[in-house]
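*Asks:* Handing over protein_8.pdb, PDB, C-alpha atoms, pLDDT in the B column.
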ATOM      1  CA  GLU A 251    -129.738 233.786 127.329  1.00 85.00           C
ATOM      2  CA  PRO A 252    -126.602 235.672 126.310  1.00 87.00           C
ATOM      3  CA  LEU A 253    -126.857 239.393 127.063  1.00 86.00           C
ATOM      4  CA  PHE A 254    -123.620 240.680 125.542  1.00 86.00           C
ATOM      5  CA  GLU A 255    -120.085 239.588 124.769  1.00 89.00           C
ATOM      6  CA  ILE A 256    -116.834 241.272 125.695  1.00 89.00           C
ATOM      7  CA  GLU A 257    -114.025 241.194 123.112  1.00 89.00           C
ATOM      8  CA  ARG A 258    -112.246 237.873 123.694  1.00 92.00           C
ATOM      9  CA  ASP A 259    -108.881 238.554 122.048  1.00 93.00           C
ATOM     10  CA  ASP A 260    -107.067 239.894 125.117  1.00 92.00           C
ATOM     11  CA  TYR A 261    -108.420 237.138 127.322  1.00 94.00           C
ATOM     12  CA  ALA A 262    -107.617 234.400 124.780  1.00 96.00           C
ATOM     13  CA  ALA A 263    -104.079 235.794 124.508  1.00 97.00           C
ATOM     14  CA  ALA A 264    -103.777 235.695 128.311  1.00 96.00           C
ATOM     15  CA  VAL A 265    -104.804 232.016 128.303  1.00 97.00           C
ATOM     16  CA  ASP A 266    -102.302 231.269 125.533  1.00 97.00           C
ATOM     17  CA  GLN A 267     -99.528 233.122 127.364  1.00 97.00           C
ATOM     18  CA  SER A 268    -100.323 231.294 130.619  1.00 97.00           C
ATOM     19  CA  GLU A 269    -100.264 227.917 128.877  1.00 97.00           C
ATOM     20  CA  LYS A 270     -96.902 228.654 127.264  1.00 97.00           C
ATOM     21  CA  GLY A 271     -95.483 229.864 130.571  1.00 97.00           C
ATOM     22  CA  LEU A 272     -96.656 226.703 132.276  1.00 97.00           C
ATOM     23  CA  LEU A 273     -95.127 224.527 129.554  1.00 97.00           C
ATOM     24  CA  GLY A 274     -91.823 226.393 129.952  1.00 97.00           C
ATOM     25  CA  LEU A 275     -91.823 225.824 133.707  1.00 97.00           C
ATOM     26  CA  VAL A 276     -92.591 222.124 133.249  1.00 97.00           C
ATOM     27  CA  ALA A 277     -89.705 221.847 130.765  1.00 98.00           C
ATOM     28  CA  GLU A 278     -87.385 223.494 133.308  1.00 97.00           C
ATOM     29  CA  LYS A 279     -88.617 221.045 135.947  1.00 97.00           C
ATOM     30  CA  ASN A 280     -87.799 218.123 133.651  1.00 98.00           C
ATOM     31  CA  GLN A 281     -84.341 219.574 133.083  1.00 98.00           C
ATOM     32  CA  ILE A 282     -83.795 219.834 136.843  1.00 97.00           C
ATOM     33  CA  LEU A 283     -84.932 216.213 137.262  1.00 97.00           C
ATOM     34  CA  ALA A 284     -82.396 215.139 134.627  1.00 97.00           C
ATOM     35  CA  LEU A 285     -79.662 217.107 136.411  1.00 97.00           C
ATOM     36  CA  ILE A 286     -80.607 215.452 139.719  1.00 97.00           C
ATOM     37  CA  GLU A 287     -80.285 212.027 138.116  1.00 97.00           C
ATOM     38  CA  GLU A 288     -76.929 213.030 136.639  1.00 97.00           C
ATOM     39  CA  GLY A 289     -75.860 214.299 140.059  1.00 97.00           C
ATOM     40  CA  LYS A 290     -76.821 211.017 141.706  1.00 97.00           C
ATOM     41  CA  GLN A 291     -74.680 209.182 139.185  1.00 97.00           C
ATOM     42  CA  SER A 292     -71.827 211.562 139.979  1.00 96.00           C
ATOM     43  CA  VAL A 293     -72.261 210.767 143.674  1.00 97.00           C
ATOM     44  CA  ALA A 294     -72.079 207.051 142.891  1.00 97.00           C
ATOM     45  CA  LYS A 295     -68.905 207.605 140.853  1.00 97.00           C
ATOM     46  CA  ALA A 296     -67.385 209.699 143.643  1.00 96.00           C
ATOM     47  CA  GLN A 297     -68.193 206.929 146.126  1.00 97.00           C
ATOM     48  CA  ALA A 298     -66.528 204.371 143.853  1.00 97.00           C
ATOM     49  CA  ASP A 299     -63.491 206.654 143.544  1.00 96.00           C
ATOM     50  CA  PHE A 300     -63.378 206.861 147.331  1.00 97.00           C
ATOM     51  CA  VAL A 301     -63.471 203.062 147.690  1.00 97.00           C
ATOM     52  CA  SER A 302     -60.664 202.780 145.151  1.00 96.00           C
ATOM     53  CA  ALA A 303     -58.580 205.461 146.868  1.00 96.00           C
ATOM     54  CA  LYS A 304     -59.176 203.851 150.264  1.00 96.00           C
ATOM     55  CA  ALA A 305     -57.991 200.486 148.925  1.00 96.00           C
ATOM     56  CA  GLN A 306     -54.851 202.152 147.568  1.00 96.00           C
ATOM     57  CA  GLU A 307     -54.303 203.834 150.928  1.00 95.00           C
ATOM     58  CA  ASP A 308     -54.723 200.537 152.785  1.00 95.00           C
ATOM     59  CA  LEU A 309     -52.205 198.862 150.493  1.00 95.00           C
ATOM     60  CA  ALA A 310     -49.761 201.735 150.929  1.00 94.00           C
ATOM     61  CA  TYR A 311     -50.206 201.507 154.713  1.00 94.00           C
ATOM     62  CA  LYS A 312     -49.364 197.800 154.670  1.00 93.00           C
ATOM     63  CA  ASP A 313     -46.309 198.535 152.531  1.00 91.00           C
ATOM     64  CA  ILE A 314     -45.114 201.257 154.901  1.00 91.00           C
ATOM     65  CA  ALA A 315     -45.592 198.938 157.891  1.00 89.00           C
ATOM     66  CA  ARG A 316     -43.455 196.266 156.197  1.00 88.00           C
ATOM     67  CA  TYR A 317     -40.793 198.706 155.075  1.00 89.00           C
ATOM     68  CA  GLU A 318     -40.648 200.315 158.505  1.00 87.00           C
ATOM     69  CA  ASN A 319     -39.387 197.077 160.042  1.00 82.00           C
ATOM     70  CA  LEU A 320     -37.013 196.512 157.138  1.00 86.00           C
ATOM     71  CA  ALA A 321     -35.668 200.051 157.397  1.00 83.00           C
ATOM     72  CA  LYS A 322     -34.992 199.624 161.137  1.00 83.00           C
ATOM     73  CA  THR A 323     -32.851 196.586 160.424  1.00 84.00           C
ATOM     74  CA  ARG A 324     -31.298 198.361 157.421  1.00 83.00           C
ATOM     75  CA  THR A 325     -32.436 195.596 155.072  1.00 85.00           C
ATOM     76  CA  VAL A 326     -33.699 198.165 152.568  1.00 86.00           C
ATOM     77  CA  PRO A 327     -32.090 201.485 151.717  1.00 89.00           C
ATOM     78  CA  GLN A 328     -33.519 204.624 153.313  1.00 88.00           C
ATOM     79  CA  SER A 329     -34.438 205.968 149.858  1.00 89.00           C
ATOM     80  CA  GLU A 330     -36.694 202.940 149.237  1.00 90.00           C
ATOM     81  CA  TYR A 331     -38.385 203.471 152.605  1.00 90.00           C
ATOM     82  CA  ASP A 332     -38.852 207.182 151.806  1.00 91.00           C
ATOM     83  CA  ARG A 333     -40.440 206.300 148.436  1.00 92.00           C
ATOM     84  CA  VAL A 334     -42.931 203.918 150.096  1.00 92.00           C
ATOM     85  CA  GLN A 335     -43.708 206.474 152.789  1.00 92.00           C
ATOM     86  CA  SER A 336     -44.335 209.088 150.111  1.00 95.00           C
ATOM     87  CA  GLN A 337     -46.686 206.694 148.290  1.00 94.00           C
ATOM     88  CA  TRP A 338     -48.639 206.225 151.511  1.00 94.00           C
ATOM     89  CA  GLN A 339     -48.957 210.000 151.992  1.00 95.00           C
ATOM     90  CA  VAL A 340     -50.118 210.416 148.390  1.00 96.00           C
ATOM     91  CA  ALA A 341     -52.676 207.636 148.929  1.00 96.00           C
ATOM     92  CA  GLN A 342     -53.960 209.383 152.077  1.00 96.00           C
ATOM     93  CA  ALA A 343     -54.323 212.629 150.165  1.00 97.00           C
ATOM     94  CA  SER A 344     -56.188 210.827 147.370  1.00 96.00           C
ATOM     95  CA  THR A 345     -58.568 209.301 149.912  1.00 96.00           C
ATOM     96  CA  ASN A 346     -59.244 212.716 151.465  1.00 96.00           C
ATOM     97  CA  ALA A 347     -59.813 214.239 148.021  1.00 96.00           C
ATOM     98  CA  ALA A 348     -62.225 211.427 147.118  1.00 96.00           C
ATOM     99  CA  ARG A 349     -64.108 211.942 150.400  1.00 96.00           C
ATOM    100  CA  ALA A 350     -64.389 215.666 149.597  1.00 97.00           C
ATOM    101  CA  GLY A 351     -65.586 214.784 146.096  1.00 96.00           C
ATOM    102  CA  ILE A 352     -68.459 212.803 147.578  1.00 96.00           C
ATOM    103  CA  SER A 353     -69.469 215.744 149.761  1.00 96.00           C
ATOM    104  CA  LYS A 354     -69.306 218.128 146.804  1.00 96.00           C
ATOM    105  CA  GLU A 355     -71.476 215.925 144.593  1.00 96.00           C
ATOM    106  CA  GLU A 356     -74.011 215.341 147.384  1.00 97.00           C
ATOM    107  CA  ALA A 357     -74.232 219.097 147.992  1.00 97.00           C
ATOM    108  CA  GLY A 358     -74.871 219.609 144.285  1.00 96.00           C
ATOM    109  CA  VAL A 359     -77.737 217.110 144.355  1.00 97.00           C
ATOM    110  CA  GLN A 360     -79.229 218.769 147.454  1.00 97.00           C
ATOM    111  CA  SER A 361     -79.065 222.147 145.727  1.00 97.00           C
ATOM    112  CA  LEU A 362     -80.854 220.748 142.679  1.00 97.00           C
ATOM    113  CA  GLU A 363     -83.522 219.158 144.885  1.00 97.00           C
ATOM    114  CA  ALA A 364     -84.140 222.563 146.486  1.00 97.00           C
ATOM    115  CA  GLN A 365     -84.440 224.081 142.997  1.00 97.00           C
ATOM    116  CA  LEU A 366     -86.931 221.355 142.122  1.00 97.00           C
ATOM    117  CA  LYS A 367     -89.145 222.286 145.083  1.00 97.00           C
ATOM    118  CA  THR A 368     -89.024 225.942 144.053  1.00 97.00           C
ATOM    119  CA  GLN A 369     -89.863 224.977 140.480  1.00 97.00           C
ATOM    120  CA  GLN A 370     -92.836 222.910 141.648  1.00 97.00           C
ATOM    121  CA  MET A 371     -94.161 225.944 143.524  1.00 98.00           C
ATOM    122  CA  LYS A 372     -93.734 228.085 140.388  1.00 97.00           C
ATOM    123  CA  ILE A 373     -95.640 225.457 138.394  1.00 97.00           C
ATOM    124  CA  ALA A 374     -98.478 225.497 140.931  1.00 97.00           C
ATOM    125  CA  GLU A 375     -98.628 229.304 140.677  1.00 97.00           C
ATOM    126  CA  ALA A 376     -98.639 229.113 136.873  1.00 97.00           C
ATOM    127  CA  GLN A 377    -101.444 226.539 136.945  1.00 98.00           C
ATOM    128  CA  ALA A 378    -103.502 228.852 139.152  1.00 97.00           C
ATOM    129  CA  ALA A 379    -102.829 231.771 136.796  1.00 97.00           C
ATOM    130  CA  LEU A 380    -103.897 229.631 133.841  1.00 97.00           C
ATOM    131  CA  GLU A 381    -107.128 228.643 135.572  1.00 98.00           C
ATOM    132  CA  LEU A 382    -107.864 232.309 136.325  1.00 97.00           C
ATOM    133  CA  ALA A 383    -107.163 233.247 132.695  1.00 97.00           C
ATOM    134  CA  LYS A 384    -109.560 230.515 131.527  1.00 97.00           C
ATOM    135  CA  ILE A 385    -112.251 231.745 133.925  1.00 95.00           C
ATOM    136  CA  ASN A 386    -111.814 235.305 132.670  1.00 93.00           C
ATOM    137  CA  LEU A 387    -112.098 234.061 129.070  1.00 95.00           C
ATOM    138  CA  GLN A 388    -115.344 232.256 129.905  1.00 94.00           C
ATOM    139  CA  ARG A 389    -116.693 235.417 131.490  1.00 90.00           C
ATOM    140  CA  THR A 390    -116.437 237.328 128.208  1.00 89.00           C
ATOM    141  CA  LEU A 391    -119.882 235.993 127.310  1.00 90.00           C
ATOM    142  CA  VAL A 392    -122.279 237.486 129.845  1.00 87.00           C
ATOM    143  CA  LYS A 393    -125.490 235.500 130.242  1.00 88.00           C
ATOM    144  CA  ALA A 394    -128.673 236.321 132.094  1.00 86.00           C
ATOM    145  CA  PRO A 395    -128.777 234.383 135.355  1.00 84.00           C
ATOM    146  CA  LEU A 396    -132.580 234.252 135.169  1.00 86.00           C
ATOM    147  CA  ALA A 397    -135.454 235.264 132.923  1.00 87.00           C
ATOM    148  CA  GLY A 398    -136.469 238.910 133.057  1.00 86.00           C
ATOM    149  CA  ARG A 399    -136.248 242.293 131.380  1.00 87.00           C
ATOM    150  CA  ILE A 400    -133.425 244.781 131.189  1.00 85.00           C
ATOM    151  CA  ALA A 401    -134.467 248.049 132.806  1.00 84.00           C
ATOM    152  CA  ASN A 402    -131.259 250.039 132.582  1.00 85.00           C
ATOM    153  CA  LYS A 403    -128.611 249.406 129.926  1.00 84.00           C
ATOM    154  CA  ASN A 404    -125.184 251.117 130.092  1.00 82.00           C
ATOM    155  CA  VAL A 405    -123.411 249.091 127.410  1.00 83.00           C
ATOM    156  CA  ASP A 406    -123.192 249.515 123.633  1.00 83.00           C
ATOM    157  CA  PRO A 407    -121.017 247.910 120.949  1.00 85.00           C
ATOM    158  CA  GLY A 408    -117.475 249.332 121.083  1.00 84.00           C
ATOM    159  CA  LYS A 409    -117.872 250.799 124.563  1.00 85.00           C
ATOM    160  CA  TYR A 410    -115.106 250.091 127.081  1.00 85.00           C
ATOM    161  CA  VAL A 411    -116.053 248.511 130.389  1.00 83.00           C
ATOM    162  CA  GLN A 412    -114.016 247.730 133.488  1.00 83.00           C
ATOM    163  CA  PRO A 413    -114.238 244.615 135.639  1.00 80.00           C
ATOM    164  CA  GLY A 414    -116.942 245.103 138.261  1.00 82.00           C
ATOM    165  CA  GLN A 415    -118.562 248.013 136.387  1.00 84.00           C
ATOM    166  CA  PRO A 416    -122.379 247.711 136.381  1.00 86.00           C
ATOM    167  CA  VAL A 417    -123.659 247.676 132.800  1.00 85.00           C
ATOM    168  CA  LEU A 418    -127.188 246.274 133.124  1.00 85.00           C
ATOM    169  CA  SER A 419    -129.941 246.198 135.681  1.00 82.00           C
TER
END
Rewrite the structure from the file as structure tokens, please.
*Replies:*
Amino acid sequence: EPLFEIERDDYAAAVDQSEKGLLGLVAEKNQILALIEEGKQSVAKAQADFVSAKAQEDLAYKDIARYENLAKTRTVPQSEYDRVQSQWQVAQASTNAARAGISKEEAGVQSLEAQLKTQQMKIAEAQAALELAKINLQRTLVKAPLAGRIANKNVDPGKYVQPGQPVLS
């Protein structure tokens, strides 16, 4: 049998606030997941850029090897050899930049994955807070655990009570 009921408004508001907080955290988690996927695509693009730059470097290396022999025999002008050598150096720099781009993108993905783990812990905390808020809301209706009579009543309509305060015996 119900004995008395505590005003539910504050507890219902706490449940509502906890639910909205949880939904916000889940939305942030989904955003992080989307950013991770975007980051993985950026890593794939950076890897493709590296392969392209490496191919350009390899071609430039072959050109410099050919022109080196031609320059020794003075078959090509020194300026042509210098141009090819410069192209090889530019290709090397492009390859190094592409390699660094891969590392940067991978670090970004790792950072997002760490944020995801943190977000999952926040979601677990919010779920626990929501469960506690629901329990507190259920406890606003105080029922008799067994049949009997009330001998001492310290509660009246409109009276404030604190959690753990004895109100009936």
*Asks:* Provide the atom CA of Gln377 of chain A to atom CA of Leu273 of chain A distance in Å, to one decimal place.
*Replies:*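 These two atoms are separated by 9.9 Å.
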*Asks:* Just so the selection is clear, what residues does the PyMOL selection byres ((chain A and resi 284-298) around 12) cover here, as a ChimeraX atom specification?
*Replies:* /A:277-283,299-305,344-366
*Asks:* Taking a cut-off of 9 Å and counting only C-alpha atoms, can you build a table that, for each residue of segment 270-388 of chain A near segment 255-264 of chain A, reports the nearest atom pair and how far apart they are in Å (one decimal), sorted by chain then residue number, as a tab-separated table?
*Replies:*
residue	atom	partner	partner_atom	distance
A:Leu380	CA	A:Ala264	CA	8.2
A:Ala383	CA	A:Ala264	CA	6.1
A:Lys384	CA	A:Tyr261	CA	7.9
A:Asn386	CA	A:Tyr261	CA	6.6
A:Leu387	CA	A:Tyr261	CA	5.1
A:Gln388	CA	A:Tyr261	CA	8.9
*Asks:* Produce a file of the selected residues containing C-alpha atoms, as an mmCIF file, keeping the file's coordinate frame.
*Replies:*
data_model
loop_
_atom_site.group_PDB
_atom_site.id
_atom_site.type_symbol
_atom_site.label_atom_id
_atom_site.label_comp_id
_atom_site.auth_asym_id
_atom_site.auth_seq_id
_atom_site.Cartn_x
_atom_site.Cartn_y
_atom_site.Cartn_z
ATOM 1 C CA LEU A 380 -103.897 229.631 133.841
ATOM 2 C CA ALA A 383 -107.163 233.247 132.695
ATOM 3 C CA LYS A 384 -109.560 230.515 131.527
ATOM 4 C CA ASN A 386 -111.814 235.305 132.670
ATOM 5 C CA LEU A 387 -112.098 234.061 129.070
ATOM 6 C CA GLN A 388 -115.344 232.256 129.905
#
*Asks:* For atom CA of Arg324 of chain A and atom CA of Ala343 of chain A, quote the distance in Å rounded to one decimal.
*Replies:* 28.0 Å
*Asks:* To one decimal place, how far is atom CA of Gln415 of chain A from atom CA of Ile385 of chain A in Å?
*Replies:* 17.6 Å
*Asks:* So, counting only C-alpha atoms, which residue among A:Thr390, A:Asn404, A:Gln339, A:Gln412 is closest to Phe254 of chain A?
*Replies:*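 Among the listed residues, A:Thr390 lies closest to Phe254 of chain A.
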*Asks:* So which residues touch segment 315-319 of chain A within 9 Å, counting all atoms listed in the file, skipping near sequence neighbours fewer than 6 positions away, as a PyMOL selection string?
*Replies:* chain A and resi 325-326+330-331+334-335
*Asks:* Produce the centre coordinates and the three edge lengths, each in Å to one decimal, of the box along x, y and z that contains all listed atoms of segment 327-339 of chain A with 6 Å added on each side, as lines of an AutoDock Vina configuration file.
*Replies:*
center_x = -40.5
center_y = 205.7
center_z = 150.8
size_x = 28.9
size_y = 20.5
size_z = 17.0
*Asks:* Evaluated on this file, the PyMOL selection byres ((chain A and resi 401) around 6) picks out some residues - which ones are they, written as a VMD selection string?
*Replies:* chain A and resid 400 402 419
*Asks:* Out of A:Ala341, A:Val405, A:Met371, A:Leu275, which residue has the shortest atom-to-atom distance to Glu307 of chain A when counting all atoms listed in the file?
*Replies:* A:Ala341
